[in-house]
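Trainee: As input, take final01.cif (mmCIF, C-alpha atoms, pLDDT in the B column; chains and numbers go by the auth columns):
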data_data
#
loop_
_atom_site.group_PDB
_atom_site.id
_atom_site.type_symbol
_atom_site.label_atom_id
_atom_site.label_comp_id
_atom_site.label_asym_id
_atom_site.label_seq_id
_atom_site.Cartn_x
_atom_site.Cartn_y
_atom_site.Cartn_z
_atom_site.B_iso_or_equiv
_atom_site.auth_seq_id
_atom_site.auth_asym_id
ATOM 1 C CA MET A 1 -27.204 126.136 47.114 90.00 1466 A
ATOM 2 C CA SER A 2 -29.358 126.616 44.055 92.00 1467 A
ATOM 3 C CA ILE A 3 -28.360 125.699 40.512 94.00 1468 A
ATOM 4 C CA GLU A 4 -28.333 129.377 39.533 93.00 1469 A
ATOM 5 C CA ARG A 5 -25.881 130.299 42.296 94.00 1470 A
ATOM 6 C CA ALA A 6 -23.793 127.190 41.692 95.00 1471 A
ATOM 7 C CA ILE A 7 -23.459 128.111 38.002 94.00 1472 A
ATOM 8 C CA MET A 8 -22.265 131.616 38.900 93.00 1473 A
ATOM 9 C CA ALA A 9 -19.752 130.187 41.393 95.00 1474 A
ATOM 10 C CA PHE A 10 -18.528 127.578 38.912 95.00 1475 A
ATOM 11 C CA ALA A 11 -18.167 130.115 36.085 95.00 1476 A
ATOM 12 C CA GLY A 12 -16.269 132.526 38.338 95.00 1477 A
ATOM 13 C CA PHE A 13 -13.981 129.735 39.502 97.00 1478 A
ATOM 14 C CA MET A 14 -13.289 128.647 35.924 96.00 1479 A
ATOM 15 C CA VAL A 15 -12.467 132.211 34.856 96.00 1480 A
ATOM 16 C CA LEU A 16 -10.054 132.658 37.768 97.00 1481 A
ATOM 17 C CA ILE A 17 -8.390 129.296 37.086 97.00 1482 A
ATOM 18 C CA SER A 18 -8.055 130.014 33.370 96.00 1483 A
ATOM 19 C CA VAL A 19 -6.533 133.438 34.012 95.00 1484 A
ATOM 20 C CA ALA A 20 -4.035 131.912 36.447 97.00 1485 A
ATOM 21 C CA LEU A 21 -3.163 129.198 33.925 97.00 1486 A
ATOM 22 C CA THR A 22 -2.760 131.839 31.232 97.00 1487 A
ATOM 23 C CA VAL A 23 -0.389 133.885 33.377 96.00 1488 A
ATOM 24 C CA TRP A 24 1.693 131.045 34.812 98.00 1489 A
ATOM 25 C CA ILE A 25 1.487 128.151 32.344 96.00 1490 A
ATOM 26 C CA ASN A 26 0.642 129.052 28.750 97.00 1491 A
ATOM 27 C CA ASP A 27 -1.002 131.970 26.948 96.00 1492 A
ATOM 28 C CA ASN A 28 -3.347 129.612 25.113 97.00 1493 A
ATOM 29 C CA PHE A 29 -5.334 128.995 28.303 96.00 1494 A
ATOM 30 C CA ILE A 30 -7.017 132.335 27.560 96.00 1495 A
ATOM 31 C CA TRP A 31 -9.264 130.312 25.240 97.00 1496 A
ATOM 32 C CA LEU A 32 -10.761 128.613 28.294 96.00 1497 A
ATOM 33 C CA THR A 33 -11.823 132.051 29.522 94.00 1498 A
ATOM 34 C CA VAL A 34 -13.297 132.802 26.096 95.00 1499 A
ATOM 35 C CA PHE A 35 -15.196 129.498 26.127 95.00 1500 A
ATOM 36 C CA VAL A 36 -16.644 130.139 29.604 94.00 1501 A
ATOM 37 C CA GLY A 37 -17.736 133.652 28.608 94.00 1502 A
ATOM 38 C CA ALA A 38 -19.275 132.483 25.345 95.00 1503 A
ATOM 39 C CA ASN A 39 -21.119 129.680 27.122 94.00 1504 A
ATOM 40 C CA LEU A 40 -22.527 132.114 29.700 93.00 1505 A
ATOM 41 C CA PHE A 41 -23.621 134.462 26.936 94.00 1506 A
ATOM 42 C CA GLN A 42 -25.375 131.801 24.860 95.00 1507 A
ATOM 43 C CA SER A 43 -27.028 130.211 27.914 93.00 1508 A
ATOM 44 C CA ALA A 44 -28.542 133.572 28.844 91.00 1509 A
ATOM 45 C CA TYR A 45 -30.407 133.591 25.534 94.00 1510 A
ATOM 46 C CA THR A 46 -31.045 129.900 24.880 95.00 1511 A
ATOM 47 C CA GLY A 47 -31.406 128.494 28.384 91.00 1512 A
ATOM 48 C CA PHE A 48 -29.086 125.622 27.438 93.00 1513 A
ATOM 49 C CA CYS A 49 -26.272 125.117 29.955 92.00 1514 A
ATOM 50 C CA PRO A 50 -24.399 121.798 30.136 92.00 1515 A
ATOM 51 C CA ALA A 51 -23.108 122.606 33.634 92.00 1516 A
ATOM 52 C CA ALA A 52 -26.679 123.135 34.877 93.00 1517 A
ATOM 53 C CA MET A 53 -27.708 119.749 33.494 93.00 1518 A
ATOM 54 C CA ILE A 54 -24.824 118.094 35.334 95.00 1519 A
ATOM 55 C CA MET A 55 -25.588 119.936 38.565 94.00 1520 A
ATOM 56 C CA ARG A 56 -29.258 118.961 38.302 94.00 1521 A
ATOM 57 C CA LYS A 57 -28.188 115.299 38.051 96.00 1522 A
ATOM 58 C CA LEU A 58 -25.998 115.831 41.122 95.00 1523 A
ATOM 59 C CA GLY A 59 -29.070 116.910 43.078 94.00 1524 A
ATOM 60 C CA PHE A 60 -28.976 120.697 42.941 94.00 1525 A
ATOM 61 C CA LYS A 61 -32.393 122.375 42.930 93.00 1526 A
ATOM 62 C CA SER A 62 -33.441 125.580 41.168 91.00 1527 A
ATOM 63 C CA GLU A 63 -34.374 128.740 43.081 91.00 1528 A
ATOM 64 C CA ALA A 64 -38.044 128.055 42.293 88.00 1529 A
ATOM 65 C CA GLN A 65 -37.846 124.486 43.605 89.00 1530 A
ATOM 66 C CA LEU A 66 -36.146 125.650 46.791 89.00 1531 A
ATOM 67 C CA ALA A 67 -38.738 128.388 47.314 88.00 1532 A
ATOM 68 C CA THR A 68 -41.585 125.922 46.845 88.00 1533 A
ATOM 69 C CA ALA A 69 -40.000 123.425 49.223 82.00 1534 A
ATOM 70 C CA ASN A 70 -39.533 126.116 51.887 79.00 1535 A
ATOM 71 C CA ASN A 71 -43.186 127.237 51.656 77.00 1536 A
ATOM 72 C CA ASN A 72 -44.555 123.749 52.323 65.00 1537 A
#
Would you mind writing the structure in this file as structure tokens?

Mentor:
Amino acid sequence: MSIERAIMAFAGFMVLISVALTVWINDNFIWLTVFVGANLFQSAYTGFCPAAMIMRKLGFKSEAQLATANNN
């Protein structure tokens, strides 16, 4: 799985978890959803994504790296 797809999966998971926590635990968990959305928005413009840096350290490769590796 590429970093780009892993980020989308992670963000979707976090949104679903935060909505569930908001519904069943406490209304203030909605702020987790806001944080995830704001982070996705800013990373689209700045390219800075803390989750991507962590995933890169865990060994995930970008789409470009995977494409290059498959062509060799």

Trainee: The PyMOL selection byres ((chain A and resi 1520) around 12) on the file shown: which residues, as a list in words?

Mentor: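 Selected by the PyMOL selection byres ((chain A and resi 1520) around 12) in this file: Met1466, Ser1467, Ile1468, Glu1469, Arg1470, Ala1471, Ile1472, Phe1475, Cys1514, Pro1515, Ala1516, Ala1517, Met1518, Ile1519, Arg1521, Lys1522, Leu1523, Gly1524, Phe1525, Lys1526 and Ser1527 of chain A.
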
Trainee: Mind giving me the straight-line distance from atom CA of Leu1497 of chain A to atom CA of Met1479 of chain A in Å, one decimal?

Mentor: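 Computing the Euclidean distance for atom CA of Leu1497 of chain A and atom CA of Met1479 of chain A yields 8.0 Å.
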
Trainee: For the file shown, what are the residues hit by the PyMOL selection byres ((chain A and resi 1498) around 9), laid out as an MDAnalysis selection string?

Mentor: chainID A and resid 1479:1484 1494:1497 1499:1503

Trainee: Take the selection from the previous step and output its residues with C-alpha atoms, as a PDB file, in the frame of the given file.

Mentor:
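The resulting file, result36.pdb, is reproduced below:
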ATOM      1  CA  MET A1479     -13.289 128.647  35.924  1.00 96.00           C
ATOM      2  CA  VAL A1480     -12.467 132.211  34.856  1.00 96.00           C
ATOM      3  CA  LEU A1481     -10.054 132.658  37.768  1.00 97.00           C
ATOM      4  CA  ILE A1482      -8.390 129.296  37.086  1.00 97.00           C
ATOM      5  CA  SER A1483      -8.055 130.014  33.370  1.00 96.00           C
ATOM      6  CA  VAL A1484      -6.533 133.438  34.012  1.00 95.00           C
ATOM      7  CA  PHE A1494      -5.334 128.995  28.303  1.00 96.00           C
ATOM      8  CA  ILE A1495      -7.017 132.335  27.560  1.00 96.00           C
ATOM      9  CA  TRP A1496      -9.264 130.312  25.240  1.00 97.00           C
ATOM     10  CA  LEU A1497     -10.761 128.613  28.294  1.00 96.00           C
ATOM     11  CA  VAL A1499     -13.297 132.802  26.096  1.00 95.00           C
ATOM     12  CA  PHE A1500     -15.196 129.498  26.127  1.00 95.00           C
ATOM     13  CA  VAL A1501     -16.644 130.139  29.604  1.00 94.00           C
ATOM     14  CA  GLY A1502     -17.736 133.652  28.608  1.00 94.00           C
ATOM     15  CA  ALA A1503     -19.275 132.483  25.345  1.00 95.00           C
TER      16      ALA A1503
END

Trainee: Set up a box along x, y and z of the file covering all listed atoms of segment 1520-1537 of chain A, add 4 Å on every one of the six sides, and write the centre and edge lengths in Å to one decimal, as lines of an AutoDock Vina configuration file.

Mentor:
center_x = -35.1
center_y = 122.0
center_z = 45.2
size_x = 27.0
size_y = 21.4
size_z = 22.3

Trainee: Between atom CA of Asp1492 of chain A and atom CA of Met1473 of chain A, what distance in Å does the model show, to one decimal?

Mentor: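 Taking atom CA of Asp1492 of chain A as the start and atom CA of Met1473 of chain A as the end point, the length is 24.4 Å.
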
Trainee: In Å to one decimal, how far is atom CA of Phe1513 of chain A from atom CA of Leu1486 of chain A?

Mentor: 27.0 Å
